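Below you'll find the structure, written out as structure tokens, and then a few comments.
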Amino acid sequence: MDPNKRPEDMERITTPELAQAFINEKVEEVRAQVGDKNVLLALSGGVDSSVVAALLIKAIGKQLICVHVNHGLMRKGESEQVVDVFKNQLDANLVYVDATDRFLNLLDGVAEPEAKRKIIGAEFIRVFEEEARKVGDSVSFLAQGTIYPDILESQDGVKAHHNVGGLPDDLQFELCEPVKLLFKDEVRVIGRELGLPENMVERQPFPGPGLGVRCLGAITRDRLEALREADAILREEFANAGLEGKVWQYFVSVPDFRVTGVKDDKRLYEWPAFIRAVNTVDAMTAEVPELDWALLKRIGDRIASEVDGICRVLYDLTPKPCGTIEFE
């Protein structure tokens, strides 16, 4: 039996009862696999890694070493939530690395999107590798939030899925992937049953480079902070309107050019903010939802009045194709 192939008779996990049965089964499997050894996990705060972390904590407690790297490109409050949920509430063995200055210094003056992606990805590997080396002698397993679509895409040549690391050859870990045969909706059901917060379970897709590809062009700290605050307002208003989980993805991007505005009878020369919202099934095509005008107006008014450096707000009406979901 292929361990990377989901059995055709495997029941879809849709209820708390089915989720609890899966959790109980995996807890026993993980304990049998790991024994008294330690496990290392890169905990991003995304759905998959968070659910794997909560599941492994239930199974082996502090034998799990979670490493959360804050590259300074997270959304407002996300790193703080990871620390609160996993360290304070679940009593996890959590290593928190604030690498903000390290990443932003490397990105200074870099405008080309692919160059930014490569810098962020390579530096993340370096930081995680450093932390892995610190505990390397005591760790035998590397946990990953691999899910079944990752395996299917890997088989189809879309992307490789065993790539948490790009770790060096002398760091040899056995893989622990307890949710690798599940689809994303099933992972969310498991997360709820494990007691994770709803906004973590329903966390939107978030690019690996984070806000680095939403702070368009060369990243500056002041524009990055404006983006973070504007995005937080957008997410708060969508939540208040009951749109969490109903709109697939929504976010703000801030470009590296300024526009003219006026406030308190004074001329401004500040950034615009682009609101992007899409609904999709497979992310290959996407439609723009017809949002309530009063909601859009309220979001625009709040961003323009509350966020320093932003004086204009626009709603992107472009479906995919021809527009991609992200700007960069």
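Residue numbers start at 1 in each chain; chains themselves are named A, B, ... in the order of the structure tokens; ligands are numbered from 1 in the order shown.
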Residues at most 7 Å from Asp256 of chain A, counting only C-alpha atoms, excluding those fewer than 2 positions away in the same chain, as an mmCIF file with N, CA and C atoms, in the first residue's frame?
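Output contents, as saved in result-v7.cif:
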data_model
loop_
_atom_site.group_PDB
_atom_site.id
_atom_site.type_symbol
_atom_site.label_atom_id
_atom_site.label_comp_id
_atom_site.auth_asym_id
_atom_site.auth_seq_id
_atom_site.Cartn_x
_atom_site.Cartn_y
_atom_site.Cartn_z
ATOM 1 N N LEU A 216 4.345 46.706 -2.789
ATOM 2 C CA LEU A 216 4.793 46.548 -4.168
ATOM 3 C C LEU A 216 6.063 47.349 -4.443
ATOM 4 N N GLY A 217 6.936 46.754 -5.271
ATOM 5 C CA GLY A 217 8.205 47.401 -5.551
ATOM 6 C C GLY A 217 9.154 47.254 -4.376
ATOM 7 N N VAL A 254 -0.106 47.965 -1.337
ATOM 8 C CA VAL A 254 0.257 49.388 -1.417
ATOM 9 C C VAL A 254 1.442 49.528 -2.375
ATOM 10 N N ARG A 258 3.233 57.584 -5.307
ATOM 11 C CA ARG A 258 2.347 58.445 -4.526
ATOM 12 C C ARG A 258 1.345 59.141 -5.424
#
Tell me which protein, DNA and RNA residues are within 9 Å of segment 206-208 of chain A, counting only C-alpha atoms, leaving out same-chain ones fewer than 6 positions away, and put them as a PDB file with N, CA and C atoms, in the first residue's frame.
ATOM      1  N   GLY A  46       0.201  29.354   9.635  1.00  0.00           N
ATOM      2  CA  GLY A  46      -0.787  28.943   8.650  1.00  0.00           C
ATOM      3  C   GLY A  46      -1.597  27.761   9.141  1.00  0.00           C
ATOM      4  N   ARG A 117      11.173  37.484  -3.766  1.00  0.00           N
ATOM      5  CA  ARG A 117      10.782  36.123  -3.379  1.00  0.00           C
ATOM      6  C   ARG A 117      11.998  35.257  -3.060  1.00  0.00           C
ATOM      7  N   ILE A 120      13.684  36.329   0.274  1.00  0.00           N
ATOM      8  CA  ILE A 120      12.895  35.942   1.444  1.00  0.00           C
ATOM      9  C   ILE A 120      12.951  34.434   1.655  1.00  0.00           C
ATOM     10  N   GLY A 121      12.782  33.666   0.577  1.00  0.00           N
ATOM     11  CA  GLY A 121      12.810  32.212   0.704  1.00  0.00           C
ATOM     12  C   GLY A 121      14.157  31.696   1.158  1.00  0.00           C
ATOM     13  N   GLN A 249     -10.491  35.078  -0.429  1.00  0.00           N
ATOM     14  CA  GLN A 249      -9.289  35.815  -0.049  1.00  0.00           C
ATOM     15  C   GLN A 249      -9.517  37.303  -0.238  1.00  0.00           C
ATOM     16  N   GLU A 326      -2.525  37.756  -6.702  1.00  0.00           N
ATOM     17  CA  GLU A 326      -1.594  38.717  -6.118  1.00  0.00           C
ATOM     18  C   GLU A 326      -1.148  39.715  -7.192  1.00  0.00           C
TER      19      GLU A 326
END
message = Neighbouring residues of Val262 of chain A were defined as those with any atom within 10 Å, considering only C-alpha atoms; residues of the same chain fewer than 5 positions away were excluded. Please report them as a ChimeraX atom specification.
response = /A:267-270,311-312
inquiry  = Quick check for you: according to DSSP on this backbone, which residues of segment 92-317 of chain A are classed as strand (DSSP E or B)? Reply as a VMD selection string.
reply    = chain A and resid 93 to 98 139 to 143 174 to 176 215 249 to 254 259 to 263 266 to 279 286 to 287 310 to 315
Could you give me, as a tab-separated table, a per-residue list for segment 137-253 of chain A showing, wherever an atom lies at most 10 Å from an atom of segment 10-17 of chain A, the closest pair of atoms and their distance in Å to one decimal, using only C-alpha atoms and sorting by chain then residue number from low to high?
residue	atom	partner	partner_atom	distance
A:Leu181	CA	A:Met10	CA	9.4
A:Leu182	CA	A:Ile13	CA	8.4
A:Phe183	CA	A:Arg12	CA	8.7
A:Asp185	CA	A:Thr14	CA	8.1
A:Glu186	CA	A:Ile13	CA	5.3
A:Val187	CA	A:Ile13	CA	8.5
A:Arg188	CA	A:Thr14	CA	9.5
A:Val189	CA	A:Thr14	CA	6.6
A:Ile190	CA	A:Pro16	CA	7.7
A:Arg192	CA	A:Pro16	CA	8.2
A:Glu193	CA	A:Pro16	CA	6.1
A:Leu194	CA	A:Pro16	CA	9.8
With all heavy atoms retained, write the just-selected residues as a short mmCIF file (atom, residue, chain, number, x, y, z; two decimals), in the first residue's frame.
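Output below, filename out.cif:
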data_model
loop_
_atom_site.label_atom_id
_atom_site.label_comp_id
_atom_site.auth_asym_id
_atom_site.auth_seq_id
_atom_site.Cartn_x
_atom_site.Cartn_y
_atom_site.Cartn_z
N LEU A 181 -2.66 12.96 4.08
CA LEU A 181 -3.70 12.37 3.23
C LEU A 181 -5.01 13.14 3.32
O LEU A 181 -6.04 12.68 2.82
CB LEU A 181 -3.94 10.91 3.62
CG LEU A 181 -2.74 9.97 3.41
CD1 LEU A 181 -3.12 8.53 3.75
CD2 LEU A 181 -2.19 10.05 1.99
N LEU A 182 -4.97 14.34 3.92
CA LEU A 182 -6.19 15.14 4.09
C LEU A 182 -6.23 16.30 3.10
O LEU A 182 -5.21 16.83 2.68
CB LEU A 182 -6.27 15.70 5.51
CG LEU A 182 -6.29 14.71 6.67
CD1 LEU A 182 -6.53 15.45 7.98
CD2 LEU A 182 -7.32 13.62 6.46
N PHE A 183 -7.46 16.70 2.77
CA PHE A 183 -7.68 17.91 1.99
C PHE A 183 -7.83 19.09 2.96
O PHE A 183 -8.07 18.91 4.16
CB PHE A 183 -8.93 17.76 1.11
CG PHE A 183 -8.75 16.77 -0.01
CD1 PHE A 183 -9.22 15.47 0.10
CD2 PHE A 183 -8.08 17.14 -1.17
CE1 PHE A 183 -9.05 14.56 -0.93
CE2 PHE A 183 -7.90 16.23 -2.21
CZ PHE A 183 -8.39 14.94 -2.09
N ASP A 185 -10.12 21.32 3.57
CA ASP A 185 -11.33 21.46 4.36
C ASP A 185 -11.33 20.49 5.54
O ASP A 185 -11.83 20.81 6.63
CB ASP A 185 -12.58 21.24 3.49
CG ASP A 185 -12.60 19.87 2.83
OD1 ASP A 185 -11.61 19.51 2.17
OD2 ASP A 185 -13.61 19.15 2.97
N GLU A 186 -10.72 19.32 5.37
CA GLU A 186 -10.64 18.35 6.46
C GLU A 186 -9.67 18.83 7.54
O GLU A 186 -9.91 18.65 8.74
CB GLU A 186 -10.18 17.00 5.92
CG GLU A 186 -11.16 16.35 4.95
CD GLU A 186 -10.62 15.05 4.38
OE1 GLU A 186 -9.60 15.09 3.65
OE2 GLU A 186 -11.20 14.00 4.68
N VAL A 187 -8.57 19.44 7.10
CA VAL A 187 -7.60 19.97 8.05
C VAL A 187 -8.24 21.03 8.95
O VAL A 187 -7.99 21.09 10.15
CB VAL A 187 -6.37 20.56 7.31
CG1 VAL A 187 -5.40 21.23 8.28
CG2 VAL A 187 -5.65 19.47 6.51
N ARG A 188 -9.11 21.84 8.35
CA ARG A 188 -9.81 22.86 9.14
C ARG A 188 -10.73 22.22 10.20
O ARG A 188 -10.81 22.70 11.34
CB ARG A 188 -10.61 23.78 8.22
CG ARG A 188 -9.77 24.59 7.24
CD ARG A 188 -10.62 25.63 6.53
NE ARG A 188 -9.99 26.16 5.32
CZ ARG A 188 -9.09 27.12 5.29
NH1 ARG A 188 -8.68 27.67 6.42
NH2 ARG A 188 -8.60 27.55 4.13
N VAL A 189 -11.42 21.15 9.83
CA VAL A 189 -12.29 20.45 10.79
C VAL A 189 -11.46 19.89 11.94
O VAL A 189 -11.85 19.99 13.11
CB VAL A 189 -13.09 19.33 10.08
CG1 VAL A 189 -13.94 18.56 11.10
CG2 VAL A 189 -13.97 19.90 8.98
N ILE A 190 -10.30 19.32 11.61
CA ILE A 190 -9.40 18.79 12.64
C ILE A 190 -8.94 19.92 13.56
O ILE A 190 -8.90 19.77 14.79
CB ILE A 190 -8.17 18.12 11.98
CG1 ILE A 190 -8.58 16.95 11.09
CG2 ILE A 190 -7.18 17.67 13.05
CD1 ILE A 190 -9.20 15.80 11.80
N ARG A 192 -10.39 22.73 14.33
CA ARG A 192 -11.47 23.14 15.25
C ARG A 192 -11.58 22.14 16.41
O ARG A 192 -11.75 22.54 17.57
CB ARG A 192 -12.81 23.24 14.52
CG ARG A 192 -12.90 24.41 13.56
CD ARG A 192 -14.32 24.58 13.03
NE ARG A 192 -14.33 25.64 12.02
CZ ARG A 192 -14.18 25.43 10.72
NH1 ARG A 192 -14.03 24.20 10.26
NH2 ARG A 192 -14.19 26.45 9.87
N GLU A 193 -11.52 20.86 16.09
CA GLU A 193 -11.66 19.84 17.13
C GLU A 193 -10.48 19.89 18.10
O GLU A 193 -10.64 19.55 19.28
CB GLU A 193 -11.77 18.46 16.48
CG GLU A 193 -12.16 17.34 17.44
CD GLU A 193 -13.55 17.54 18.07
OE1 GLU A 193 -14.37 18.31 17.51
OE2 GLU A 193 -13.80 16.92 19.11
N LEU A 194 -9.33 20.35 17.64
CA LEU A 194 -8.16 20.48 18.51
C LEU A 194 -8.20 21.77 19.34
O LEU A 194 -7.32 22.00 20.16
CB LEU A 194 -6.88 20.44 17.68
CG LEU A 194 -6.48 19.06 17.12
CD1 LEU A 194 -5.42 19.21 16.04
CD2 LEU A 194 -6.00 18.15 18.24
#
ask   = In Å, with one decimal, what is the gap from atom CA of Ile119 of chain A to atom CA of Ile65 of chain A?
value = 25.6 Å
ask   = If we count only C-alpha atoms, what is near His68 of chain A at a cut-off of 12 Å, once residues fewer than 5 positions away on the same chain are taken out, given as an NGL selection string?
value = :A and (40-46 or 49-50 or 53 or 74 or 78-83 or 86-87 or 92-99 or 124 or 127-128 or 131-132)
Serialized selection, N, CA, C and O atoms, as a short mmCIF file (atom, residue, chain, number, x, y, z; two decimals), in the first residue's frame:
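out.cif written:
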data_model
loop_
_atom_site.label_atom_id
_atom_site.label_comp_id
_atom_site.auth_asym_id
_atom_site.auth_seq_id
_atom_site.Cartn_x
_atom_site.Cartn_y
_atom_site.Cartn_z
N LEU A 40 11.07 18.39 15.13
CA LEU A 40 11.23 19.81 14.80
C LEU A 40 10.17 20.20 13.78
O LEU A 40 9.90 19.48 12.82
N LEU A 41 9.55 21.38 13.98
CA LEU A 41 8.50 21.86 13.08
C LEU A 41 8.67 23.35 12.82
O LEU A 41 8.80 24.14 13.77
N ALA A 42 8.64 23.76 11.54
CA ALA A 42 8.58 25.18 11.19
C ALA A 42 7.12 25.61 11.28
O ALA A 42 6.28 25.20 10.49
N LEU A 43 6.81 26.42 12.28
CA LEU A 43 5.43 26.84 12.56
C LEU A 43 5.20 28.24 12.02
O LEU A 43 5.62 29.23 12.61
N SER A 44 4.53 28.32 10.87
CA SER A 44 4.33 29.62 10.23
C SER A 44 3.14 30.38 10.81
O SER A 44 3.07 31.60 10.72
N GLY A 45 2.19 29.65 11.37
CA GLY A 45 0.93 30.26 11.78
C GLY A 45 -0.16 29.99 10.77
O GLY A 45 -1.32 30.34 10.97
N GLY A 46 0.20 29.35 9.64
CA GLY A 46 -0.79 28.94 8.65
C GLY A 46 -1.60 27.76 9.14
O GLY A 46 -1.27 27.13 10.15
N SER A 49 0.42 24.03 9.21
CA SER A 49 1.46 23.86 10.23
C SER A 49 0.88 24.02 11.63
O SER A 49 1.32 23.35 12.57
N SER A 50 -0.13 24.87 11.79
CA SER A 50 -0.75 25.06 13.11
C SER A 50 -1.49 23.81 13.56
O SER A 50 -1.42 23.41 14.72
N ALA A 53 1.02 21.19 14.47
CA ALA A 53 1.62 21.51 15.77
C ALA A 53 0.68 21.12 16.91
O ALA A 53 1.09 20.47 17.88
N MET A 74 4.76 39.59 8.28
CA MET A 74 3.50 38.99 8.70
C MET A 74 2.42 40.06 8.77
O MET A 74 2.70 41.26 8.86
N GLU A 78 -0.22 38.56 13.76
CA GLU A 78 -0.12 37.12 13.48
C GLU A 78 0.96 36.43 14.30
O GLU A 78 0.73 35.37 14.87
N SER A 79 2.15 37.01 14.36
CA SER A 79 3.21 36.39 15.17
C SER A 79 2.82 36.38 16.64
O SER A 79 3.07 35.41 17.36
N GLU A 80 2.19 37.47 17.07
CA GLU A 80 1.74 37.54 18.47
C GLU A 80 0.71 36.44 18.76
O GLU A 80 0.71 35.84 19.84
N GLN A 81 -0.16 36.16 17.78
CA GLN A 81 -1.15 35.11 17.97
C GLN A 81 -0.49 33.74 18.06
O GLN A 81 -0.90 32.90 18.88
N VAL A 82 0.51 33.50 17.23
CA VAL A 82 1.23 32.22 17.28
C VAL A 82 1.81 32.01 18.68
O VAL A 82 1.68 30.93 19.27
N VAL A 83 2.47 33.04 19.21
CA VAL A 83 3.07 32.94 20.54
C VAL A 83 2.00 32.72 21.60
O VAL A 83 2.13 31.87 22.50
N PHE A 86 0.24 29.04 21.03
CA PHE A 86 1.07 27.85 21.21
C PHE A 86 1.92 27.89 22.48
O PHE A 86 2.02 26.87 23.18
N LYS A 87 2.48 29.02 22.82
CA LYS A 87 3.32 29.08 24.02
C LYS A 87 2.48 29.26 25.28
O LYS A 87 2.63 28.54 26.26
N ALA A 92 3.49 25.03 24.44
CA ALA A 92 4.38 24.39 23.48
C ALA A 92 5.84 24.73 23.76
O ALA A 92 6.17 25.75 24.37
N ASN A 93 6.71 23.87 23.29
CA ASN A 93 8.15 24.12 23.30
C ASN A 93 8.43 24.97 22.06
O ASN A 93 8.78 24.45 21.00
N LEU A 94 8.26 26.28 22.21
CA LEU A 94 8.28 27.20 21.06
C LEU A 94 9.54 28.05 21.05
O LEU A 94 9.88 28.69 22.04
N VAL A 95 10.21 28.05 19.90
CA VAL A 95 11.35 28.94 19.68
C VAL A 95 10.87 30.07 18.77
O VAL A 95 10.46 29.82 17.63
N TYR A 96 10.88 31.30 19.28
CA TYR A 96 10.44 32.46 18.50
C TYR A 96 11.67 33.23 18.05
O TYR A 96 12.51 33.61 18.87
N VAL A 97 11.76 33.46 16.75
CA VAL A 97 12.91 34.17 16.19
C VAL A 97 12.41 35.44 15.51
O VAL A 97 11.69 35.39 14.51
N ASP A 98 12.77 36.60 16.06
CA ASP A 98 12.44 37.87 15.43
C ASP A 98 13.58 38.26 14.50
O ASP A 98 14.62 38.75 14.93
N ALA A 99 13.37 37.99 13.21
CA ALA A 99 14.41 38.26 12.21
C ALA A 99 14.02 39.44 11.32
O ALA A 99 14.50 39.56 10.19
N PHE A 124 14.83 32.65 4.83
CA PHE A 124 14.04 31.84 5.75
C PHE A 124 14.72 30.50 5.98
O PHE A 124 14.81 30.00 7.11
N VAL A 127 17.69 30.97 8.35
CA VAL A 127 17.29 31.16 9.75
C VAL A 127 16.82 29.84 10.35
O VAL A 127 17.23 29.46 11.46
N PHE A 128 15.96 29.13 9.61
CA PHE A 128 15.46 27.85 10.12
C PHE A 128 16.60 26.85 10.28
O PHE A 128 16.66 26.09 11.25
N GLU A 131 18.48 27.51 13.48
CA GLU A 131 17.76 27.00 14.65
C GLU A 131 17.79 25.47 14.68
O GLU A 131 17.89 24.86 15.76
N ALA A 132 17.72 24.84 13.50
CA ALA A 132 17.77 23.37 13.45
C ALA A 132 19.13 22.86 13.92
O ALA A 132 19.21 21.84 14.62
#
